[in-house]
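**Student:** My structure is in protein22.cif, and what it holds is mmCIF, C-alpha atoms:
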```cif
data_coords
loop_
_atom_site.group_PDB
_atom_site.id
_atom_site.type_symbol
_atom_site.label_atom_id
_atom_site.label_comp_id
_atom_site.auth_asym_id
_atom_site.auth_seq_id
_atom_site.Cartn_x
_atom_site.Cartn_y
_atom_site.Cartn_z
ATOM 1 C CA MET H 13 -5.272 -0.663 -25.221
ATOM 2 C CA VAL H 14 -7.611 2.158 -24.210
ATOM 3 C CA LEU H 15 -7.816 2.440 -20.455
ATOM 4 C CA GLY H 16 -10.169 5.287 -19.945
ATOM 5 C CA VAL H 17 -11.769 8.230 -21.567
ATOM 6 C CA GLY H 18 -11.899 11.646 -20.068
ATOM 7 C CA TYR H 19 -11.468 15.286 -20.918
ATOM 8 C CA GLY H 20 -12.170 14.503 -24.551
ATOM 9 C CA PHE H 21 -9.571 11.814 -25.225
ATOM 10 C CA ALA H 22 -8.614 8.255 -24.404
ATOM 11 C CA PHE H 23 -5.454 7.483 -22.477
ATOM 12 C CA THR H 24 -3.366 4.338 -22.665
ATOM 13 C CA THR H 25 -0.302 2.766 -21.152
ATOM 14 C CA ARG H 26 2.511 0.863 -22.801
ATOM 15 C CA ARG H 27 3.362 -1.437 -19.889
ATOM 16 C CA THR H 28 0.379 -2.680 -17.938
ATOM 17 C CA GLU H 29 -3.266 -1.947 -17.562
ATOM 18 C CA VAL H 30 -3.675 1.038 -15.262
ATOM 19 C CA VAL H 31 -7.337 1.255 -14.374
ATOM 20 C CA MET H 32 -7.999 3.009 -11.106
ATOM 21 C CA ASP H 33 -11.484 3.336 -9.656
ATOM 22 C CA ALA H 34 -13.822 5.367 -11.886
ATOM 23 C CA ARG H 35 -13.585 8.365 -9.541
ATOM 24 C CA PHE H 36 -9.974 8.820 -10.645
ATOM 25 C CA HIS H 37 -10.432 8.523 -14.421
ATOM 26 C CA PRO H 38 -10.806 12.263 -15.137
ATOM 27 C CA ALA H 39 -7.733 12.984 -13.008
ATOM 28 C CA GLN H 40 -5.762 10.246 -14.785
ATOM 29 C CA ALA H 41 -6.711 11.832 -18.097
ATOM 30 C CA ALA H 42 -5.507 15.252 -16.901
ATOM 31 C CA LEU H 43 -2.245 13.725 -15.655
ATOM 32 C CA ALA H 44 -1.671 11.910 -18.940
ATOM 33 C CA ILE H 45 -1.436 15.202 -20.839
ATOM 34 C CA GLY H 46 0.007 17.294 -18.022
ATOM 35 C CA ASP H 47 -3.081 19.479 -17.694
ATOM 36 C CA VAL H 48 -2.444 21.341 -14.436
ATOM 37 C CA GLU H 49 -5.519 23.547 -14.782
ATOM 38 C CA ARG H 50 -7.844 20.581 -15.338
ATOM 39 C CA LEU H 51 -6.418 18.742 -12.325
ATOM 40 C CA ALA H 52 -6.801 21.917 -10.227
ATOM 41 C CA SER H 53 -10.441 22.112 -11.305
ATOM 42 C CA LEU H 54 -11.016 18.460 -10.398
ATOM 43 C CA LEU H 55 -9.400 18.987 -6.988
ATOM 44 C CA SER H 56 -11.558 22.046 -6.431
ATOM 45 C CA ALA H 57 -14.671 19.979 -7.127
ATOM 46 C CA ASP H 58 -13.422 16.978 -5.099
ATOM 47 C CA PRO H 59 -10.881 18.168 -2.494
ATOM 48 C CA GLU H 60 -10.316 14.628 -1.188
ATOM 49 C CA LEU H 61 -9.181 13.365 -4.592
ATOM 50 C CA ALA H 62 -5.511 13.998 -3.737
ATOM 51 C CA THR H 63 -5.702 11.835 -0.615
ATOM 52 C CA ALA H 64 -8.283 9.253 -1.708
ATOM 53 C CA ARG H 65 -7.232 5.664 -2.315
ATOM 54 C CA SER H 66 -8.230 3.539 -5.265
ATOM 55 C CA GLN H 67 -9.159 -0.071 -4.684
ATOM 56 C CA ARG H 68 -7.601 -1.047 -8.014
ATOM 57 C CA SER H 69 -4.311 -0.353 -9.734
ATOM 58 C CA HIS H 70 -2.374 2.602 -8.328
ATOM 59 C CA PRO H 71 -3.430 3.399 -4.779
ATOM 60 C CA THR H 72 -3.319 7.196 -5.223
ATOM 61 C CA ILE H 73 -3.399 9.717 -8.033
ATOM 62 C CA LEU H 74 0.109 10.931 -7.102
ATOM 63 C CA GLN H 75 1.463 7.405 -7.347
ATOM 64 C CA CYS H 76 -0.205 7.115 -10.753
ATOM 65 C CA LEU H 77 1.527 10.323 -11.825
ATOM 66 C CA VAL H 78 5.043 9.361 -10.737
ATOM 67 C CA LEU H 79 4.747 5.956 -12.382
ATOM 68 C CA THR H 80 3.978 7.468 -15.779
ATOM 69 C CA MET H 81 7.016 7.259 -18.032
ATOM 70 C CA PRO H 82 8.161 9.246 -19.754
ATOM 71 C CA PRO H 83 7.046 11.962 -17.344
ATOM 72 C CA VAL H 84 4.879 14.787 -18.639
ATOM 73 C CA ASP H 85 6.465 18.229 -19.003
ATOM 74 C CA ALA H 86 4.320 19.579 -16.150
ATOM 75 C CA LEU H 87 5.333 16.799 -13.736
ATOM 76 C CA GLU H 88 6.732 19.069 -11.029
ATOM 77 C CA ARG H 89 3.749 21.437 -11.145
ATOM 78 C CA LEU H 90 1.340 18.505 -10.907
ATOM 79 C CA ILE H 91 3.245 17.090 -7.931
ATOM 80 C CA ASP H 92 3.156 20.514 -6.261
ATOM 81 C CA LEU H 93 -0.595 20.742 -6.815
ATOM 82 C CA LEU H 94 -1.267 17.311 -5.338
ATOM 83 C CA ALA H 95 1.082 17.969 -2.410
ATOM 84 C CA ASP H 96 -0.679 21.274 -1.745
ATOM 85 C CA HIS H 97 -3.897 19.251 -1.477
ATOM 86 C CA GLY H 98 -2.438 16.876 1.107
ATOM 87 C CA ALA H 99 -1.196 13.984 -1.012
ATOM 88 C CA GLU H 100 1.028 11.544 0.863
ATOM 89 C CA LEU H 101 4.572 11.790 -0.573
ATOM 90 C CA THR H 102 6.654 8.885 0.719
ATOM 91 C CA HIS H 103 4.955 5.944 -0.978
ATOM 92 C CA PRO H 104 5.036 7.754 -4.349
ATOM 93 C CA LEU H 105 8.762 8.395 -3.721
ATOM 94 C CA ILE H 106 9.301 4.665 -3.296
ATOM 95 C CA ALA H 107 7.291 4.001 -6.465
ATOM 96 C CA ALA H 108 9.228 6.593 -8.491
ATOM 97 C CA SER H 109 12.451 4.931 -7.336
ATOM 98 C CA GLY H 110 11.324 1.667 -8.869
ATOM 99 C CA ILE H 111 11.143 3.136 -12.364
ATOM 100 C CA ASP H 112 14.026 5.627 -12.147
ATOM 101 C CA ASN H 113 11.814 8.718 -12.403
ATOM 102 C CA LEU H 114 14.532 11.155 -11.315
ATOM 103 C CA ARG H 115 12.431 14.279 -11.781
ATOM 104 C CA ALA H 116 9.689 12.940 -9.514
ATOM 105 C CA ILE H 117 12.226 11.699 -6.964
ATOM 106 C CA ALA H 118 13.951 15.086 -6.714
ATOM 107 C CA LYS H 119 10.653 16.967 -6.444
ATOM 108 C CA LEU H 120 9.191 14.640 -3.820
ATOM 109 C CA LEU H 121 12.354 14.885 -1.730
ATOM 110 C CA ASP H 122 12.275 18.684 -2.051
ATOM 111 C CA LEU H 123 8.693 18.617 -0.741
ATOM 112 C CA GLY H 124 9.603 16.521 2.294
ATOM 113 C CA ALA H 125 9.032 12.900 1.310
ATOM 114 C CA ARG H 126 10.883 10.672 3.768
ATOM 115 C CA ILE H 127 14.168 9.639 2.164
ATOM 116 C CA GLU H 128 14.303 6.681 4.584
ATOM 117 C CA GLY H 129 10.937 5.410 3.384
ATOM 118 C CA ASN H 130 7.957 4.075 5.276
ATOM 119 C CA GLY H 131 9.728 2.156 8.049
ATOM 120 C CA ARG H 132 9.508 -1.123 6.203
ATOM 121 C CA TRP H 133 11.024 -0.380 2.793
ATOM 122 C CA SER H 134 13.053 2.570 1.573
ATOM 123 C CA PRO H 135 13.329 4.381 -1.743
ATOM 124 C CA LEU H 136 17.001 3.344 -1.768
ATOM 125 C CA GLU H 137 16.036 -0.317 -1.420
ATOM 126 C CA GLU H 138 13.490 0.040 -4.218
ATOM 127 C CA ALA H 139 16.053 1.610 -6.554
ATOM 128 C CA LEU H 140 18.608 -1.077 -5.666
ATOM 129 C CA TYR H 141 16.051 -3.849 -6.165
ATOM 130 C CA TRP H 142 15.313 -2.655 -9.704
ATOM 131 C CA GLY H 143 18.954 -1.818 -10.529
ATOM 132 C CA ASN H 144 18.264 1.892 -11.066
ATOM 133 C CA LYS H 145 21.772 3.299 -10.689
ATOM 134 C CA ALA H 146 20.809 6.931 -11.286
ATOM 135 C CA SER H 147 18.136 6.743 -8.577
ATOM 136 C CA VAL H 148 20.584 5.089 -6.188
ATOM 137 C CA SER H 149 23.162 7.820 -6.814
ATOM 138 C CA LEU H 150 20.591 10.580 -6.344
ATOM 139 C CA ARG H 151 19.410 9.015 -3.082
ATOM 140 C CA LEU H 152 22.949 8.737 -1.715
ATOM 141 C CA GLU H 153 23.748 12.314 -2.778
ATOM 142 C CA ARG H 154 20.612 13.494 -0.945
ATOM 143 C CA GLY H 155 21.586 11.733 2.296
ATOM 144 C CA ALA H 156 20.092 8.246 2.227
ATOM 145 C CA VAL H 157 21.933 5.965 4.604
ATOM 146 C CA VAL H 158 22.798 2.316 4.467
ATOM 147 C CA GLY H 159 20.609 0.979 7.235
ATOM 148 C CA ASN H 160 20.574 -2.787 6.890
ATOM 149 C CA LEU H 161 22.203 -5.820 5.353
ATOM 150 C CA ARG H 162 20.047 -5.585 2.199
ATOM 151 C CA THR H 163 21.321 -2.146 1.238
ATOM 152 C CA ALA H 164 24.883 -2.822 2.380
ATOM 153 C CA ALA H 165 25.084 -5.967 0.255
ATOM 154 C CA ALA H 166 23.546 -4.313 -2.783
ATOM 155 C CA LEU H 167 26.045 -1.448 -2.517
ATOM 156 C CA GLY H 168 29.000 -3.729 -1.789
ATOM 157 C CA ASP H 169 29.694 -1.971 1.532
ATOM 158 C CA MET H 170 31.880 -4.638 3.113
ATOM 159 C CA ASP H 171 32.444 -2.695 6.350
ATOM 160 C CA TRP H 172 28.699 -2.444 6.947
ATOM 161 C CA ILE H 173 28.176 -6.080 5.978
ATOM 162 C CA ALA H 174 30.757 -7.124 8.589
ATOM 163 C CA ARG H 175 28.778 -5.239 11.265
ATOM 164 C CA CYS H 176 25.732 -7.332 10.394
ATOM 165 C CA PHE H 177 27.295 -10.493 11.849
ATOM 166 C CA ASP H 178 28.598 -11.309 15.301
ATOM 167 C CA VAL H 179 31.835 -13.218 15.964
ATOM 168 C CA ALA H 180 29.998 -16.539 15.693
ATOM 169 C CA GLY H 181 28.620 -15.591 12.254
ATOM 170 C CA ALA H 182 25.039 -15.050 13.408
ATOM 171 C CA LEU H 183 23.105 -12.017 12.241
ATOM 172 C CA SER H 184 23.402 -9.006 14.534
ATOM 173 C CA ALA H 185 20.865 -6.241 15.100
ATOM 174 C CA ALA H 186 22.732 -4.163 12.491
ATOM 175 C CA ALA H 187 21.403 -6.517 9.800
ATOM 176 C CA GLY H 188 17.944 -5.040 10.316
ATOM 177 C CA GLU H 189 14.564 -6.632 9.859
ATOM 178 C CA VAL H 190 14.015 -9.122 7.089
ATOM 179 C CA ALA H 191 11.478 -7.190 5.054
ATOM 180 C CA TRP H 192 10.143 -6.588 1.595
ATOM 181 C CA PRO H 193 7.895 -3.879 0.185
ATOM 182 C CA PHE H 194 4.657 -5.863 0.268
ATOM 183 C CA ASN H 195 2.655 -6.603 3.395
#
```
Here is a file; write its structure as structure tokens.
**Tutor:**
Amino acid sequence: MVLGVGYGFAFTTRRTEVVMDARFHPAQAALAIGDVERLASLLSADPELATARSQRSHPTILQCLVLTMPPVDALERLIDLLADHGAELTHPLIAASGIDNLRAIAKLLDLGARIEGNGRWSPLEEALYWGNKASVSLRLERGAVVGNLRTAAALGDMDWIARCFDVAGALSAAAGEVAWPFN
């Protein structure tokens, strides 16, 4: 299925339809082929493109990039470019964790994305939810902590799980908020 046309070619996706607002189509085309120079030109012409939100599909161009699998060769340079233009990093980190995009995860963490997530859902929880063992391992190696019953149970951390219940068997504050990634 052709999703958009830009920069002289059509781009497609294998999984789902990925049609952001029309403003983002040229940038999506540049991302699809890893064209750093074209994306830089688009950002020069529209400096808010890196921080703008689409009303459809991926909310930001950086999230679109990290959810593209397999990643383009220029992935890290494209992430750097978008970060240099103010792109928010933590939500794309959570998204990359959901599809096991290890290159994007490492780069976003290096740039300062919050390893503990957005306060409601963490990249570790996202990786655990989708069963992405490599992403889970990378997160733990980089310092992610078990912070609630969800992560403790998914990791089989029986000591932490025990802290989530009081002597009467009721949930304790250590269990954390009952949450999921969607508002």
**Student:** Identify all residues satisfying the PyMOL selection byres ((chain H and resi 59) around 12) in the given file; provide them as a PyMOL selection string.
**Tutor:** chain H and resi 51-58+60-64+93-99
**Student:** Give, as JSON, the centre coordinates and the x, y and z edge lengths in Å to one decimal for an axis-aligned box around all listed atoms of stretch 87-97 of chain H, padded by 8 Å on each side.
**Tutor:**
```
{"center_x": 1.4, "center_y": 19.1, "center_z": -7.6, "size_x": 26.6, "size_y": 20.6, "size_z": 28.3}
```
**Student:** Work out how far atom CA of H:Val190 is from atom CA of H:Pro104, in Å to one decimal.
**Tutor:**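 Answer for the atom CA of H:Pro104 to atom CA of H:Val190 separation: 22.3 Å.
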**Student:** I need the output of the PyMOL selection byres ((chain H and resi 158-167) around 8) for this file as a PDB file with C-alpha atoms, in the frame of the given file; which residues are they?
**Tutor:**
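Contents of expr.pdb, freshly written:
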```
ATOM      1  CA  LEU H 136      17.001   3.344  -1.768  1.00  0.00           C
ATOM      2  CA  GLU H 137      16.036  -0.317  -1.420  1.00  0.00           C
ATOM      3  CA  LEU H 140      18.608  -1.077  -5.666  1.00  0.00           C
ATOM      4  CA  ALA H 156      20.092   8.246   2.227  1.00  0.00           C
ATOM      5  CA  VAL H 157      21.933   5.965   4.604  1.00  0.00           C
ATOM      6  CA  GLY H 168      29.000  -3.729  -1.789  1.00  0.00           C
ATOM      7  CA  ASP H 169      29.694  -1.971   1.532  1.00  0.00           C
ATOM      8  CA  MET H 170      31.880  -4.638   3.113  1.00  0.00           C
ATOM      9  CA  TRP H 172      28.699  -2.444   6.947  1.00  0.00           C
ATOM     10  CA  ILE H 173      28.176  -6.080   5.978  1.00  0.00           C
ATOM     11  CA  CYS H 176      25.732  -7.332  10.394  1.00  0.00           C
ATOM     12  CA  ALA H 186      22.732  -4.163  12.491  1.00  0.00           C
ATOM     13  CA  ALA H 187      21.403  -6.517   9.800  1.00  0.00           C
ATOM     14  CA  GLY H 188      17.944  -5.040  10.316  1.00  0.00           C
ATOM     15  CA  GLU H 189      14.564  -6.632   9.859  1.00  0.00           C
TER      16      GLU H 189
END
```
**Student:** Residues around (7.9, 16.5, -17.3), cut-off 12 Å, counting only C-alpha atoms - what are they as a PyMOL selection string?
**Tutor:** chain H and resi 43-48+77-78+80-91+113-116+119
**Student:** Rounded to one decimal, what separation in Å do you get between atom CA of H:Ala34 and atom CA of H:Ser66?
**Tutor:** 8.9 Å
**Student:** Atom CA of H:Ile111 and atom CA of H:Asp33 are how many Å apart?
**Tutor:**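 Atom CA of H:Asp33 lies at a distance of 22.8 Å from atom CA of H:Ile111.
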**Student:** Rank nothing, just name the residue among H:Asp92, H:Glu138, H:Glu128, H:Asp122 nearest to H:Ala107, using all atoms listed in the file.
**Tutor:** H:Glu138
**Student:** Under the rule that only C-alpha atoms are counted, which of H:Gly110, H:Pro71, H:Pro38, H:Gly131 is the nearest residue to H:Ala191?
**Tutor:** H:Gly131
**Student:** Skip H:Phe36 itself and residues of its chain fewer than 4 positions away, then list as a PyMOL selection string all residues within 9 Å of it, counting only C-alpha atoms.
**Tutor:** chain H and resi 31-32+40-41+61+66+72-73
**Student:** From the set H:Pro135, H:Gly181, H:Gly143, H:Gly155, which residue has the shortest atom-to-atom contact distance to H:Pro193, counting all atoms listed in the file?
**Tutor:**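 Going through H:Pro135, H:Gly181, H:Gly143, H:Gly155 one by one, the smallest distance to H:Pro193 is for H:Pro135.
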**Student:** For the provided coordinates, the residues matched by the PyMOL selection byres ((chain H and resi 102) around 9) should be stated as an MDAnalysis selection string.
**Tutor:** chainID H and resid 100:101 103:107 120:121 124:130 135
**Student:** Missing atoms in stretch 111-126 of chain H need filling: write out N, CA and C atoms for it as a PDB file, in the coordinates of the input.
**Tutor:**
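File produced: out_17.pdb:
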```pdb
ATOM      1  N   ILE H 111      11.094   2.973 -10.910  1.00  0.00           N
ATOM      2  CA  ILE H 111      11.143   3.136 -12.364  1.00  0.00           C
ATOM      3  C   ILE H 111      12.142   4.204 -12.789  1.00  0.00           C
ATOM      4  N   ASP H 112      12.950   4.677 -11.836  1.00  0.00           N
ATOM      5  CA  ASP H 112      14.026   5.627 -12.147  1.00  0.00           C
ATOM      6  C   ASP H 112      13.495   6.972 -12.631  1.00  0.00           C
ATOM      7  N   ASN H 113      12.384   7.423 -12.049  1.00  0.00           N
ATOM      8  CA  ASN H 113      11.814   8.718 -12.403  1.00  0.00           C
ATOM      9  C   ASN H 113      12.519   9.798 -11.577  1.00  0.00           C
ATOM     10  N   LEU H 114      13.677  10.232 -12.064  1.00  0.00           N
ATOM     11  CA  LEU H 114      14.532  11.155 -11.315  1.00  0.00           C
ATOM     12  C   LEU H 114      13.875  12.499 -11.052  1.00  0.00           C
ATOM     13  N   ARG H 115      13.106  13.001 -11.994  1.00  0.00           N
ATOM     14  CA  ARG H 115      12.431  14.279 -11.781  1.00  0.00           C
ATOM     15  C   ARG H 115      11.433  14.185 -10.631  1.00  0.00           C
ATOM     16  N   ALA H 116      10.654  13.122 -10.600  1.00  0.00           N
ATOM     17  CA  ALA H 116       9.689  12.940  -9.514  1.00  0.00           C
ATOM     18  C   ALA H 116      10.412  12.740  -8.184  1.00  0.00           C
ATOM     19  N   ILE H 117      11.467  11.956  -8.189  1.00  0.00           N
ATOM     20  CA  ILE H 117      12.226  11.699  -6.964  1.00  0.00           C
ATOM     21  C   ILE H 117      12.744  13.008  -6.380  1.00  0.00           C
ATOM     22  N   ALA H 118      13.389  13.817  -7.195  1.00  0.00           N
ATOM     23  CA  ALA H 118      13.951  15.086  -6.714  1.00  0.00           C
ATOM     24  C   ALA H 118      12.851  15.991  -6.165  1.00  0.00           C
ATOM     25  N   LYS H 119      11.746  16.091  -6.880  1.00  0.00           N
ATOM     26  CA  LYS H 119      10.653  16.967  -6.444  1.00  0.00           C
ATOM     27  C   LYS H 119      10.040  16.480  -5.138  1.00  0.00           C
ATOM     28  N   LEU H 120       9.792  15.193  -5.033  1.00  0.00           N
ATOM     29  CA  LEU H 120       9.191  14.640  -3.820  1.00  0.00           C
ATOM     30  C   LEU H 120      10.118  14.828  -2.615  1.00  0.00           C
ATOM     31  N   LEU H 121      11.405  14.641  -2.818  1.00  0.00           N
ATOM     32  CA  LEU H 121      12.354  14.885  -1.730  1.00  0.00           C
ATOM     33  C   LEU H 121      12.354  16.355  -1.335  1.00  0.00           C
ATOM     34  N   ASP H 122      12.322  17.243  -2.333  1.00  0.00           N
ATOM     35  CA  ASP H 122      12.275  18.684  -2.051  1.00  0.00           C
ATOM     36  C   ASP H 122      11.041  19.055  -1.227  1.00  0.00           C
ATOM     37  N   LEU H 123       9.946  18.327  -1.437  1.00  0.00           N
ATOM     38  CA  LEU H 123       8.693  18.617  -0.741  1.00  0.00           C
ATOM     39  C   LEU H 123       8.597  17.936   0.631  1.00  0.00           C
ATOM     40  N   GLY H 124       9.592  17.129   0.964  1.00  0.00           N
ATOM     41  CA  GLY H 124       9.603  16.521   2.294  1.00  0.00           C
ATOM     42  C   GLY H 124       9.273  15.049   2.374  1.00  0.00           C
ATOM     43  N   ALA H 125       9.223  14.345   1.248  1.00  0.00           N
ATOM     44  CA  ALA H 125       9.032  12.900   1.310  1.00  0.00           C
ATOM     45  C   ALA H 125      10.178  12.301   2.128  1.00  0.00           C
ATOM     46  N   ARG H 126       9.884  11.275   2.885  1.00  0.00           N
ATOM     47  CA  ARG H 126      10.883  10.672   3.768  1.00  0.00           C
ATOM     48  C   ARG H 126      11.880   9.845   2.969  1.00  0.00           C
TER      49      ARG H 126
END
```
